[in-house]
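Pasting final26.txt here (compact mmCIF, C-alpha atoms):
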# COMPACT_ATOMS: atom_id res chain seq x y z
CA MET N 15 58.11 -191.09 -83.34
CA ASP N 16 58.73 -190.08 -86.93
CA SER N 17 61.48 -187.71 -87.93
CA ARG N 18 59.24 -184.88 -89.08
CA PRO N 19 60.03 -181.58 -87.41
CA GLY N 20 57.94 -180.76 -84.37
CA ASP N 21 55.66 -177.74 -84.18
CA GLU N 22 58.18 -175.85 -82.03
CA THR N 23 60.88 -176.36 -84.65
CA LEU N 24 58.49 -175.18 -87.34
CA LEU N 25 57.57 -172.11 -85.35
CA LEU N 26 61.23 -171.21 -84.91
CA ALA N 27 61.68 -171.55 -88.68
CA VAL N 28 58.61 -169.34 -89.23
CA ALA N 29 60.27 -166.72 -87.05
CA GLU N 30 63.17 -166.93 -89.55
CA ARG N 31 60.63 -166.21 -92.33
CA ASP N 32 60.64 -169.78 -93.65
CA MET N 33 57.60 -170.05 -95.93
CA GLY N 34 57.95 -173.84 -96.22
CA ALA N 35 57.74 -174.27 -92.47
CA PHE N 36 54.80 -171.89 -92.37
CA ARG N 37 53.01 -173.99 -94.95
CA THR N 38 53.66 -177.20 -93.04
CA LEU N 39 52.32 -175.57 -89.89
CA TYR N 40 49.26 -174.46 -91.81
CA GLU N 41 48.68 -177.91 -93.29
CA ARG N 42 48.99 -179.51 -89.89
CA HIS N 43 46.64 -177.20 -88.07
CA ALA N 44 44.27 -175.36 -90.39
CA GLY N 45 42.06 -178.40 -90.93
CA TRP N 46 41.19 -179.29 -87.36
CA LEU N 47 41.01 -175.62 -86.39
CA ALA N 48 38.44 -175.09 -89.14
CA ILE N 49 36.38 -178.06 -87.99
CA ARG N 50 36.47 -176.89 -84.40
CA LEU N 51 35.61 -173.30 -85.34
CA ALA N 52 32.79 -174.50 -87.57
CA ARG N 53 31.21 -176.02 -84.47
CA ARG N 54 31.00 -172.49 -83.08
CA CYS N 55 29.94 -170.61 -86.17
CA ASN N 56 27.81 -171.69 -89.09
CA ASP N 57 29.21 -169.18 -91.52
CA ARG N 58 31.98 -170.94 -93.43
CA ASP N 59 33.34 -167.71 -94.87
CA LEU N 60 33.81 -166.31 -91.40
CA VAL N 61 35.53 -169.49 -90.30
CA ALA N 62 37.89 -169.21 -93.27
CA ASP N 63 38.55 -165.55 -92.47
CA ALA N 64 39.29 -166.40 -88.85
CA ILE N 65 41.74 -169.14 -89.90
CA GLN N 66 43.47 -166.73 -92.26
CA ASP N 67 43.69 -164.09 -89.53
CA THR N 68 45.11 -166.71 -87.19
CA PHE N 69 47.93 -167.73 -89.50
CA VAL N 70 48.68 -164.16 -90.51
CA ALA N 71 49.00 -163.40 -86.79
CA VAL N 72 51.30 -166.41 -86.37
CA TRP N 73 53.47 -165.21 -89.24
CA GLN N 74 53.67 -161.73 -87.85
CA ARG N 75 54.31 -162.70 -84.23
CA PRO N 76 55.57 -166.26 -83.90
CA GLN N 77 57.31 -165.19 -80.71
CA GLY N 78 53.82 -164.87 -79.18
CA PHE N 79 54.18 -168.53 -78.29
CA ARG N 80 56.06 -168.55 -75.02
CA GLY N 81 56.96 -172.20 -75.07
CA ASP N 82 54.40 -173.24 -72.48
CA GLY N 83 52.01 -176.01 -73.41
CA ASP N 84 51.02 -177.20 -76.85
CA ILE N 85 51.28 -175.08 -79.95
CA ALA N 86 47.88 -176.48 -80.91
CA ALA N 87 46.35 -174.95 -77.78
CA TRP N 88 48.07 -171.64 -78.48
CA LEU N 89 46.74 -171.67 -82.06
CA TRP N 90 43.24 -172.45 -80.84
CA GLY N 91 43.41 -169.53 -78.41
CA ILE N 92 44.26 -167.21 -81.29
CA ALA N 93 41.70 -168.74 -83.65
CA ILE N 94 38.68 -168.51 -81.36
CA ARG N 95 39.51 -164.90 -80.52
CA ARG N 96 39.93 -164.03 -84.19
CA LEU N 97 36.52 -165.58 -84.80
CA VAL N 98 35.06 -163.48 -82.00
CA SER N 99 36.56 -160.30 -83.43
CA ARG N 100 35.36 -161.19 -86.95
CA LEU N 101 31.87 -161.72 -85.52
CA ARG N 102 31.99 -158.39 -83.76
CA THR N 103 32.40 -156.56 -87.07
CA ARG N 104 29.74 -158.67 -88.78
CA SER N 105 26.84 -158.31 -86.39
CA SER N 106 24.37 -159.61 -88.95
CA VAL N 107 25.81 -163.11 -88.66
CA ALA N 108 24.80 -164.90 -85.54
CA ALA N 109 27.08 -167.46 -84.03
CA VAL N 110 25.20 -170.62 -83.42
CA PHE N 111 26.31 -173.23 -80.99
CA GLU N 112 24.66 -175.91 -82.92
CA HIS N 113 24.45 -179.36 -81.59
CA ALA N 114 22.72 -181.85 -83.75
CA GLY N 115 22.76 -184.29 -80.88
CA THR N 116 20.54 -182.39 -78.51
CA VAL N 117 18.80 -185.61 -77.62
CA PRO N 118 21.23 -188.49 -77.93
CA ALA N 119 19.80 -191.74 -79.19
CA ALA N 120 19.18 -194.29 -76.50
CA GLU N 121 22.15 -196.31 -77.62
CA ASP N 122 24.44 -193.31 -77.43
CA GLN N 123 22.96 -192.37 -74.08
CA VAL N 124 24.19 -195.65 -72.67
CA LEU N 125 27.55 -195.13 -74.26
CA LEU N 126 27.76 -191.66 -72.82
CA SER N 127 26.96 -192.68 -69.31
CA VAL N 128 29.57 -195.40 -69.61
CA GLU N 129 32.19 -193.04 -70.90
CA TYR N 130 31.41 -189.86 -69.13
CA GLY N 131 29.18 -190.87 -66.30
CA ASP N 132 26.97 -188.31 -64.72
CA ILE N 133 28.61 -185.18 -66.05
CA GLY N 134 27.69 -186.01 -69.64
CA GLN N 135 24.03 -186.47 -68.76
CA ALA N 136 24.01 -183.40 -66.58
CA LEU N 137 25.39 -181.34 -69.44
CA ALA N 138 22.93 -182.87 -71.86
CA ARG N 139 20.06 -181.69 -69.68
CA LEU N 140 21.11 -178.06 -69.79
CA SER N 141 19.24 -175.71 -72.09
CA PRO N 142 21.06 -174.91 -75.37
CA GLU N 143 21.74 -171.35 -74.18
CA MET N 144 23.40 -172.56 -71.00
CA ARG N 145 25.43 -175.15 -72.84
CA ALA N 146 26.62 -172.49 -75.25
CA VAL N 147 27.84 -170.39 -72.36
CA ILE N 148 29.51 -173.37 -70.67
CA GLN N 149 31.21 -174.24 -73.93
CA ALA N 150 32.45 -170.71 -74.58
CA VAL N 151 33.61 -169.88 -71.07
CA VAL N 152 34.55 -173.17 -69.46
CA LEU N 153 35.68 -175.24 -72.42
CA ASP N 154 37.00 -172.61 -74.82
CA GLY N 155 38.44 -170.43 -72.10
CA LEU N 156 36.92 -167.17 -73.32
CA SER N 157 36.27 -164.28 -70.99
CA ALA N 158 32.65 -163.37 -70.25
CA ARG N 159 33.08 -160.38 -72.55
CA GLU N 160 34.42 -162.47 -75.44
CA ALA N 161 31.71 -165.07 -74.92
CA ALA N 162 29.10 -162.32 -75.04
CA GLN N 163 30.48 -161.14 -78.38
CA LEU N 164 30.58 -164.65 -79.75
CA LEU N 165 27.01 -165.43 -78.70
CA HIS N 166 25.58 -161.98 -79.38
CA VAL N 167 24.14 -161.61 -75.91
CA PRO N 168 24.86 -159.03 -73.21
CA VAL N 169 27.74 -159.75 -70.85
CA SER N 170 25.31 -159.84 -67.94
CA SER N 171 23.38 -162.67 -69.61
CA VAL N 172 26.57 -164.67 -70.01
CA LYS N 173 27.29 -164.29 -66.31
CA THR N 174 23.77 -165.21 -65.19
CA ARG N 175 23.59 -168.20 -67.51
CA LEU N 176 26.99 -169.38 -66.41
CA TYR N 177 25.99 -169.06 -62.76
CA ARG N 178 22.74 -170.96 -63.33
CA ALA N 179 24.40 -173.60 -65.44
CA LYS N 180 26.96 -174.26 -62.74
CA ALA N 181 24.18 -174.47 -60.13
CA HIS N 182 22.31 -176.96 -62.33
CA LEU N 183 25.37 -179.09 -62.81
CA ARG N 184 26.18 -179.03 -59.11
CA ALA N 185 22.66 -180.08 -58.22
CA ALA N 186 22.60 -182.78 -60.88
CA LEU N 187 25.88 -184.23 -59.73
CA ALA N 188 24.88 -184.10 -56.06
CA GLU N 189 21.70 -186.01 -56.88
CA GLY N 190 23.75 -188.82 -58.27
CA PRO N 191 22.90 -190.90 -61.31
CA SER N 192 19.26 -190.79 -62.17
CA MET T 9 51.47 -188.70 -74.40
CA THR T 10 49.01 -191.42 -73.50
CA GLY T 11 48.15 -194.47 -75.50
CA TRP T 12 44.54 -193.35 -75.65
CA HIS T 13 43.18 -192.04 -78.93
CA LEU T 14 39.80 -191.10 -80.31
CA ASP T 15 38.26 -194.23 -81.72
CA ASP T 16 36.87 -194.10 -85.23
CA ASP T 17 33.26 -193.78 -84.10
CA ALA T 18 33.98 -190.92 -81.74
CA LEU T 19 35.99 -189.22 -84.45
CA ARG T 20 33.17 -189.61 -86.93
CA ARG T 21 30.64 -188.24 -84.45
CA TYR T 22 32.94 -185.31 -83.79
CA VAL T 23 33.37 -184.27 -87.41
CA GLU T 24 29.70 -184.91 -88.17
CA ARG T 25 28.72 -182.98 -85.07
CA THR T 26 26.43 -185.69 -83.84
CA ASP T 27 28.20 -185.93 -80.51
CA SER T 28 27.06 -184.52 -77.20
CA LEU T 29 28.61 -181.48 -75.60
CA ALA T 30 30.52 -183.60 -73.12
CA GLU T 31 31.85 -185.94 -75.75
CA GLY T 32 32.77 -183.04 -78.03
CA ALA T 33 34.55 -181.24 -75.22
CA SER T 34 36.44 -184.38 -74.36
CA ALA T 35 37.45 -184.87 -77.99
CA GLU T 36 38.60 -181.27 -78.30
CA GLN T 37 40.64 -181.48 -75.13
CA HIS T 38 42.34 -184.59 -76.48
CA LEU T 39 42.95 -183.02 -79.89
CA LEU T 40 44.86 -180.13 -78.36
CA SER T 41 47.56 -182.49 -77.19
CA CYS T 42 47.43 -185.27 -79.79
CA ALA T 43 48.94 -184.61 -83.20
CA PRO T 44 47.99 -188.00 -84.73
CA CYS T 45 44.31 -187.51 -83.84
CA ARG T 46 44.42 -183.95 -85.20
CA ALA T 47 45.74 -185.34 -88.47
CA ARG T 48 42.92 -187.90 -88.52
CA VAL T 49 40.31 -185.19 -87.93
CA THR T 50 41.81 -183.07 -90.71
CA ALA T 51 41.79 -186.02 -93.07
CA ALA T 52 38.26 -187.04 -92.13
CA ALA T 53 36.44 -183.88 -93.12
CA GLY T 54 36.91 -180.49 -94.68
CA VAL T 55 34.57 -177.66 -93.81
CA ILE T 56 36.40 -175.08 -95.91
CA ASP T 57 38.63 -175.12 -98.98
CA LEU T 58 41.99 -175.31 -97.25
CA ALA T 59 44.08 -175.07 -100.42
CA ALA T 60 42.36 -171.85 -101.51
CA LEU T 61 42.64 -170.49 -98.00
CA TRP T 62 46.36 -171.27 -97.99
CA ASP T 63 46.78 -169.20 -101.16
CA ARG T 64 44.94 -166.32 -99.55
CA THR T 65 46.92 -166.61 -96.35
CA ARG T 66 50.25 -166.77 -98.19
CA ASP T 67 49.28 -163.73 -100.24
CA ALA T 68 48.29 -161.90 -97.08
CA VAL T 69 51.66 -162.48 -95.42
CA GLU T 70 53.75 -162.02 -98.54
CA VAL T 71 52.51 -158.62 -99.53
CA PRO T 72 54.39 -156.04 -97.55
CA ARG T 73 52.54 -153.95 -95.05
CA PRO T 74 50.67 -151.15 -96.81
CA SER T 75 53.01 -148.36 -97.77
CA VAL T 76 52.55 -144.88 -96.38
CA PHE T 77 51.08 -143.89 -99.72
CA GLU T 78 48.57 -146.74 -99.70
CA ARG T 79 47.51 -145.88 -96.17
CA LEU T 80 47.06 -142.26 -97.25
CA LEU T 81 44.81 -143.41 -100.09
CA ARG T 82 42.73 -145.39 -97.61
CA VAL T 83 42.47 -142.42 -95.32
CA ALA T 84 41.30 -140.45 -98.37
CA GLY T 85 38.39 -142.89 -98.57
CA LEU T 86 39.44 -145.48 -101.17
CA PRO T 87 38.43 -149.05 -100.31
CA ALA T 88 41.41 -151.22 -99.36
CA HIS T 89 41.55 -153.23 -102.60
CA GLU T 90 41.43 -150.11 -104.75
CA ALA T 91 44.06 -148.40 -102.64
CA ARG T 92 46.29 -151.42 -103.26
CA LEU T 93 45.57 -151.40 -107.01
CA VAL T 94 46.45 -147.74 -107.24
CA ALA T 95 49.48 -147.98 -105.01
CA VAL T 96 51.09 -151.04 -106.61
CA ALA T 97 51.80 -149.05 -109.76
CA SER T 98 55.50 -149.02 -110.50
CA ALA T 99 55.39 -145.23 -110.61
CA PHE T 100 54.89 -145.20 -106.86
CA ARG T 101 57.96 -147.24 -106.03
CA GLY T 102 60.37 -145.27 -103.97
CA VAL T 103 63.28 -145.56 -106.39
CA TRP T 104 61.30 -144.20 -109.29
CA LEU T 105 59.93 -141.27 -107.33
CA THR T 106 63.31 -140.44 -105.88
CA GLY T 107 64.86 -140.44 -109.35
CA VAL T 108 62.16 -138.19 -110.75
CA ALA T 109 62.41 -135.82 -107.79
CA ALA T 110 66.20 -135.72 -108.16
CA VAL T 111 66.03 -134.80 -111.85
CA LEU T 112 63.48 -132.09 -111.12
CA ALA T 113 65.42 -130.75 -108.18
CA PHE T 114 68.60 -130.70 -110.23
CA ALA T 115 66.93 -128.71 -113.00
CA ALA T 116 65.36 -126.32 -110.50
CA LEU T 117 68.69 -125.86 -108.76
CA ALA T 118 70.42 -125.08 -112.04
CA ALA T 119 67.71 -122.51 -112.81
CA ALA T 120 67.86 -121.02 -109.32
CA LEU T 121 71.62 -120.61 -109.53
CA GLY T 122 70.99 -118.27 -112.42
CA HIS T 123 72.42 -120.25 -115.30
CA ALA T 124 70.70 -119.13 -118.45
CA ARG T 125 70.51 -122.73 -119.56
CA GLY T 126 69.19 -123.74 -116.15
CA THR T 127 65.87 -122.09 -116.76
CA TRP T 128 65.62 -123.79 -120.13
CA LEU T 129 66.46 -127.10 -118.52
CA PHE T 130 63.72 -126.69 -115.97
CA LEU T 131 61.33 -125.58 -118.67
CA ALA T 132 62.15 -128.71 -120.62
CA VAL T 133 61.89 -131.15 -117.74
CA ALA T 134 59.18 -129.94 -115.37
CA PRO T 135 56.09 -130.09 -117.61
CA VAL T 136 56.84 -133.59 -118.92
CA VAL T 137 57.59 -135.22 -115.57
CA PRO T 138 53.91 -135.73 -114.58
CA CYS T 139 53.01 -137.33 -117.91
CA LEU T 140 56.00 -139.68 -117.76
CA VAL T 141 55.05 -140.72 -114.24
CA VAL T 142 51.41 -141.18 -115.23
CA ALA T 143 52.39 -143.33 -118.21
CA SER T 144 54.62 -145.49 -116.08
CA SER T 145 51.80 -145.88 -113.58
CA TYR T 146 49.73 -147.87 -116.03
CA ASP T 147 52.07 -149.14 -118.68
CA PRO T 148 51.87 -152.96 -118.64
CA TRP T 149 55.52 -153.24 -119.65
CA LEU T 150 56.60 -151.43 -116.51
CA ASP T 151 53.90 -152.89 -114.33
CA PRO T 152 53.57 -156.65 -114.77
CA ALA T 153 50.91 -156.64 -112.04
CA LEU T 154 48.67 -154.57 -114.26
CA GLU T 155 47.94 -157.22 -116.81
CA PRO T 156 46.04 -159.61 -114.54
CA GLU T 157 44.33 -156.58 -113.05
CA LEU T 158 43.02 -155.58 -116.45
CA VAL T 159 42.05 -159.12 -117.35
CA THR T 160 39.90 -159.28 -114.25
CA PRO T 161 36.63 -157.46 -114.77
CA TYR T 162 37.91 -154.39 -113.02
CA PRO T 163 37.14 -151.29 -115.07
CA ALA T 164 40.40 -150.28 -116.72
CA LEU T 165 39.22 -146.71 -117.07
CA ARG T 166 38.61 -146.36 -113.37
CA LEU T 167 41.97 -147.86 -112.51
CA ILE T 168 43.87 -145.63 -114.91
CA LEU T 169 42.04 -142.50 -113.82
CA LEU T 170 42.57 -143.31 -110.14
CA ARG T 171 46.26 -143.81 -110.75
CA THR T 172 46.48 -140.67 -112.84
CA ILE T 173 44.84 -138.63 -110.12
CA ALA T 174 47.13 -140.16 -107.54
CA VAL T 175 50.17 -139.31 -109.67
CA LEU T 176 49.01 -135.77 -110.20
CA VAL T 177 48.38 -135.34 -106.49
CA LEU T 178 51.96 -136.46 -105.87
CA ALA T 179 53.80 -134.96 -108.83
CA LEU T 180 52.12 -131.60 -109.37
CA PRO T 181 52.88 -130.18 -105.92
CA ALA T 182 56.51 -131.22 -106.43
CA VAL T 183 56.66 -129.43 -109.78
CA LEU T 184 54.92 -126.40 -108.28
CA LEU T 185 57.18 -126.33 -105.26
CA LEU T 186 60.33 -126.51 -107.33
CA GLY T 187 58.83 -123.95 -109.71
CA LEU T 188 58.91 -121.53 -106.79
CA VAL T 189 62.68 -121.76 -106.77
CA VAL T 190 62.99 -120.86 -110.43
CA PRO T 191 63.31 -117.12 -110.73
CA GLY T 192 61.03 -114.99 -112.80
CA GLU T 193 58.07 -117.28 -113.28
CA ALA T 194 54.80 -117.70 -111.50
CA PRO T 195 55.01 -121.21 -110.07
CA PHE T 196 51.63 -122.20 -111.42
CA ALA T 197 52.68 -121.44 -114.97
CA TRP T 198 53.94 -125.03 -115.23
CA LEU T 199 50.60 -126.43 -114.24
CA LEU T 200 48.72 -126.21 -117.52
CA PRO T 201 51.48 -127.63 -119.75
CA ALA T 202 51.88 -130.50 -117.30
CA VAL T 203 48.15 -131.25 -117.19
CA GLY T 204 47.92 -130.86 -120.96
CA PHE T 205 50.66 -133.43 -121.55
CA VAL T 206 49.07 -135.87 -119.12
CA ALA T 207 45.80 -135.60 -121.05
CA VAL T 208 47.63 -136.10 -124.37
CA VAL T 209 49.30 -139.24 -123.02
CA LEU T 210 45.96 -140.59 -121.80
CA ALA T 211 44.40 -139.96 -125.20
CA ALA T 212 47.38 -141.33 -127.12
CA SER T 213 47.45 -144.46 -125.01
CA THR T 214 44.15 -145.51 -126.60
CA TRP T 215 46.28 -146.05 -129.74
CA PHE T 216 49.82 -146.71 -128.50
CA SER T 217 51.40 -147.91 -125.30
CA PRO T 218 51.32 -145.29 -122.54
CA LEU T 219 55.08 -145.25 -122.21
CA ARG T 220 55.66 -144.73 -125.93
CA SER T 221 53.06 -141.97 -125.93
CA ALA T 222 54.73 -140.25 -123.01
CA ILE T 223 58.16 -140.54 -124.59
CA ALA T 224 56.83 -139.13 -127.86
CA VAL T 225 55.14 -136.23 -126.08
CA SER T 226 58.27 -135.53 -124.05
CA SER T 227 60.47 -135.66 -127.16
CA ALA T 228 58.16 -133.27 -128.99
CA TRP T 229 58.24 -130.89 -126.05
CA LEU T 230 62.03 -131.11 -125.82
CA ALA T 231 62.26 -130.35 -129.54
CA VAL T 232 60.04 -127.29 -129.11
CA VAL T 233 62.08 -126.05 -126.17
CA TRP T 234 65.32 -126.70 -128.04
CA LEU T 235 64.07 -124.82 -131.10
CA LEU T 236 63.00 -121.86 -128.98
CA ALA T 237 66.32 -121.82 -127.19
CA ALA T 238 68.19 -122.06 -130.50
CA ARG T 239 66.23 -119.10 -131.85
CA SER T 240 67.19 -117.32 -128.59
CA GLY T 241 63.61 -116.77 -127.58
CA SER T 242 62.97 -116.21 -123.89
CA PRO T 243 61.82 -119.09 -121.70
CA GLU T 244 58.90 -116.91 -120.58
CA SER T 245 57.37 -116.88 -124.05
CA VAL T 246 56.27 -120.50 -123.71
CA LEU T 247 54.29 -119.61 -120.63
CA GLN T 248 52.48 -116.51 -121.83
CA ALA T 249 48.74 -116.25 -121.59
CA ARG T 250 48.19 -117.27 -125.22
CA ALA T 251 50.33 -120.35 -124.81
CA GLN T 252 48.52 -121.17 -121.58
CA ALA T 253 45.18 -121.01 -123.37
CA GLY T 254 46.65 -123.38 -125.95
CA PHE T 255 47.67 -125.86 -123.26
CA LEU T 256 44.21 -125.65 -121.71
CA ALA T 257 42.58 -126.39 -125.07
CA LEU T 258 45.03 -129.24 -125.60
CA ALA T 259 44.17 -130.72 -122.20
CA ALA T 260 40.41 -130.45 -122.77
CA ALA T 261 40.52 -131.87 -126.30
CA SER T 262 42.80 -134.74 -125.32
CA PHE T 263 40.71 -135.67 -122.35
CA GLY T 264 37.62 -135.64 -124.54
CA ILE T 265 39.30 -138.01 -126.99
CA PHE T 266 40.42 -140.22 -124.13
CA LEU T 267 36.87 -140.52 -122.79
CA LEU T 268 35.45 -141.18 -126.26
CA ARG T 269 37.96 -143.92 -126.97
CA ARG T 270 38.11 -145.36 -123.47
CA ARG T 271 36.87 -148.79 -124.60
CA ARG T 272 40.13 -149.24 -126.50
CA LEU T 273 41.89 -149.29 -123.16
CA ARG T 274 40.81 -152.87 -122.70
CA GLN T 275 43.03 -153.91 -125.57
CA LEU T 276 46.13 -153.60 -123.53
CA ARG T 277 47.78 -156.85 -124.50
CA PRO T 278 48.84 -156.04 -128.10
CA TRP T 279 51.26 -153.45 -126.74
CA ARG T 280 53.56 -156.16 -125.56

What is this structure when it is put down as structure tokens?
Amino acid sequence: MDSRPGDETLLLAVAERDMGAFRTLYERHAGWLAIRLARRCNDRDLVADAIQDTFVAVWQRPQGFRGDGDIAAWLWGIAIRRLVSRLRTRSSVAAVFEHAGTVPAAEDQVLLSVEYGDIGQALARLSPEMRAVIQAVVLDGLSAREAAQLLHVPVSSVKTRLYRAKAHLRAALAEGPS
Amino acid sequence: MTGWHLDDDALRRYVERTDSLAEGASAEQHLLSCAPCRARVTAAAGVIDLAALWDRTRDAVEVPRPSVFERLLRVAGLPAHEARLVAVASAFRGVWLTGVAAVLAFAALAAALGHARGTWLFLAVAPVVPCLVVASSYDPWLDPALEPELVTPYPALRLILLRTIAVLVLALPAVLLLGLVVPGEAPFAWLLPAVGFVAVVLAASTWFSPLRSAIAVSSAWLAVVWLLAARSGSPESVLQARAQAGFLALAAASFGIFLLRRRRLRQLRPWR
């Protein structure tokens, strides 16, 4: 390992109001956070606002990190929720769970089934709406309420879609590889 | 930490968003626990201007939380950025206000204690305090933040008027309140001279620097008060109805001049 300070060390320094450490933390994490957020929301300005909110929140309450797990995961938890709350106040902007690769090329399909087996194909067969819900709730760890705000749909729709998506996946996996 | 990392193709598909949901989810799960891959993702693509965002973020954490005064302005309906512009004026810094209040209170106390000179002191100080505070609220020499503000296409007139109103809202009640302590005078008698001097300073600051204007106005007022005191006139004479009408005319005329010459306000730099 190199001798650069770890994220925990940086966070402790941020708690001591160390602007240099704060900047290093920002440079380490803002980039990938932005790329990941941009996969949830097409509006780049909103993504930037959410990143700013995230780091302002980190500066104000670095003790919010309780020392469990990765700081990256903690930052992501803040960032996605800041994006949700930014979206709530800007109802005109719709969050789009955009996936260019709705239909993977045949070559990729093979690759996928090699790497991820049945689950990848089962997910790929879900409708975009269901995948969006799966992504928000299962993969991003949002509550049904937060997912509803992110996707601009009623909470009840999130729950139904999640239920159906899980049923689809279960059936697809029980069927075995097609 | 495992030896497994995103290979270059997977990384490219991730940043280009040509991956499938499963692959993307897998990549994201890995990124949460792998600093080297996070650094590679950051280096591979930029969706936003991270340097500009850093500047914004640093500014956001470096400015102190809005002061009570700034929050009041927002409650009063000013948009956040205007509330900040108005509130950052040096005149609203605690030290300044405390000093001004102390001088006023001291003069009022002296007058209330019945010293003959006390009333004169209050008469000399109270009407010029608002115009001094107004001048310091937009004098570039006292407020280094003002210069970039005026270089940006923000209307200088609006800024100066907003700050003036804010100063008057703060300073006039203080002058009025302390005026209550001074025996013999109606507390509102100080109002018109104070407003008149503020208007004169606004008008004069289209020629000179606000601070110089305010100091000149204050000096002239002190000279008048000193002359009257030397000729053993009564302090009340300055505040009679005829004098009040004069102050009103002065305020109206000065404000008219200020509005007519408001374009000169943009030439703030030569004052330096």

message = Using all atoms listed in the file and a cutoff of 10 Å, can you tell me which residues are near (36.0, -164.0, -83.3) in the file's coordinates, and write them out as a list in words?
response = Leu51, Arg54, Cys55, Leu60, Val61, Asp63, Ala64, Asp67, Ile92, Ala93, Ile94, Arg95, Arg96, Leu97, Val98, Ser99, Arg100, Leu101, Arg102, Thr103, Arg104, Ala109, Glu160, Ala161, Gln163 and Leu164 of chain N

inquiry  = Residues of chain T within 8 Å of chain N, counting only C-alpha atoms - could you list those as JSON, numbers by chain?
reply    = {"T": [23, 25, 26, 27, 28, 29, 30, 31, 33, 36, 40, 41, 46, 47, 49, 50, 51, 53, 54, 55, 56, 58, 61, 62, 64, 65, 68, 69]}

Taking all listed atoms of range 171-175 of chain N, build the axis-aligned box, pad each of the six sides by 4 Å, then write its centre and edge lengths in Å to one decimal as AutoDock Vina command-line options.
--center_x 25.3 --center_y -165.4 --center_z -67.6 --size_x 11.9 --size_y 13.5 --size_z 12.8

request  = Could you jot down the CA of Ala52 in chain T to CA of Ala27 in chain N separation for me, Å, one decimal place?
outcome  = 28.3 Å

key: Point-to-point distance from CA of His166 in chain N to CA of Gly32 in chain T, Å rounded to tenths   =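 Pair CA of His166 in chain N / CA of Gly32 in chain T returns 22.3 Å.
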
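The space between CA of Ser34 in chain T and CA of Asn56 in chain N spans 21.3 Å.
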
query = Within 7 Å of Ile265 in chain T, counting all atoms listed in the file, which residues qualify if same-chain residues fewer than 4 places away don't, as a VMD selection string?
reply = chain T and resid 211 261 269
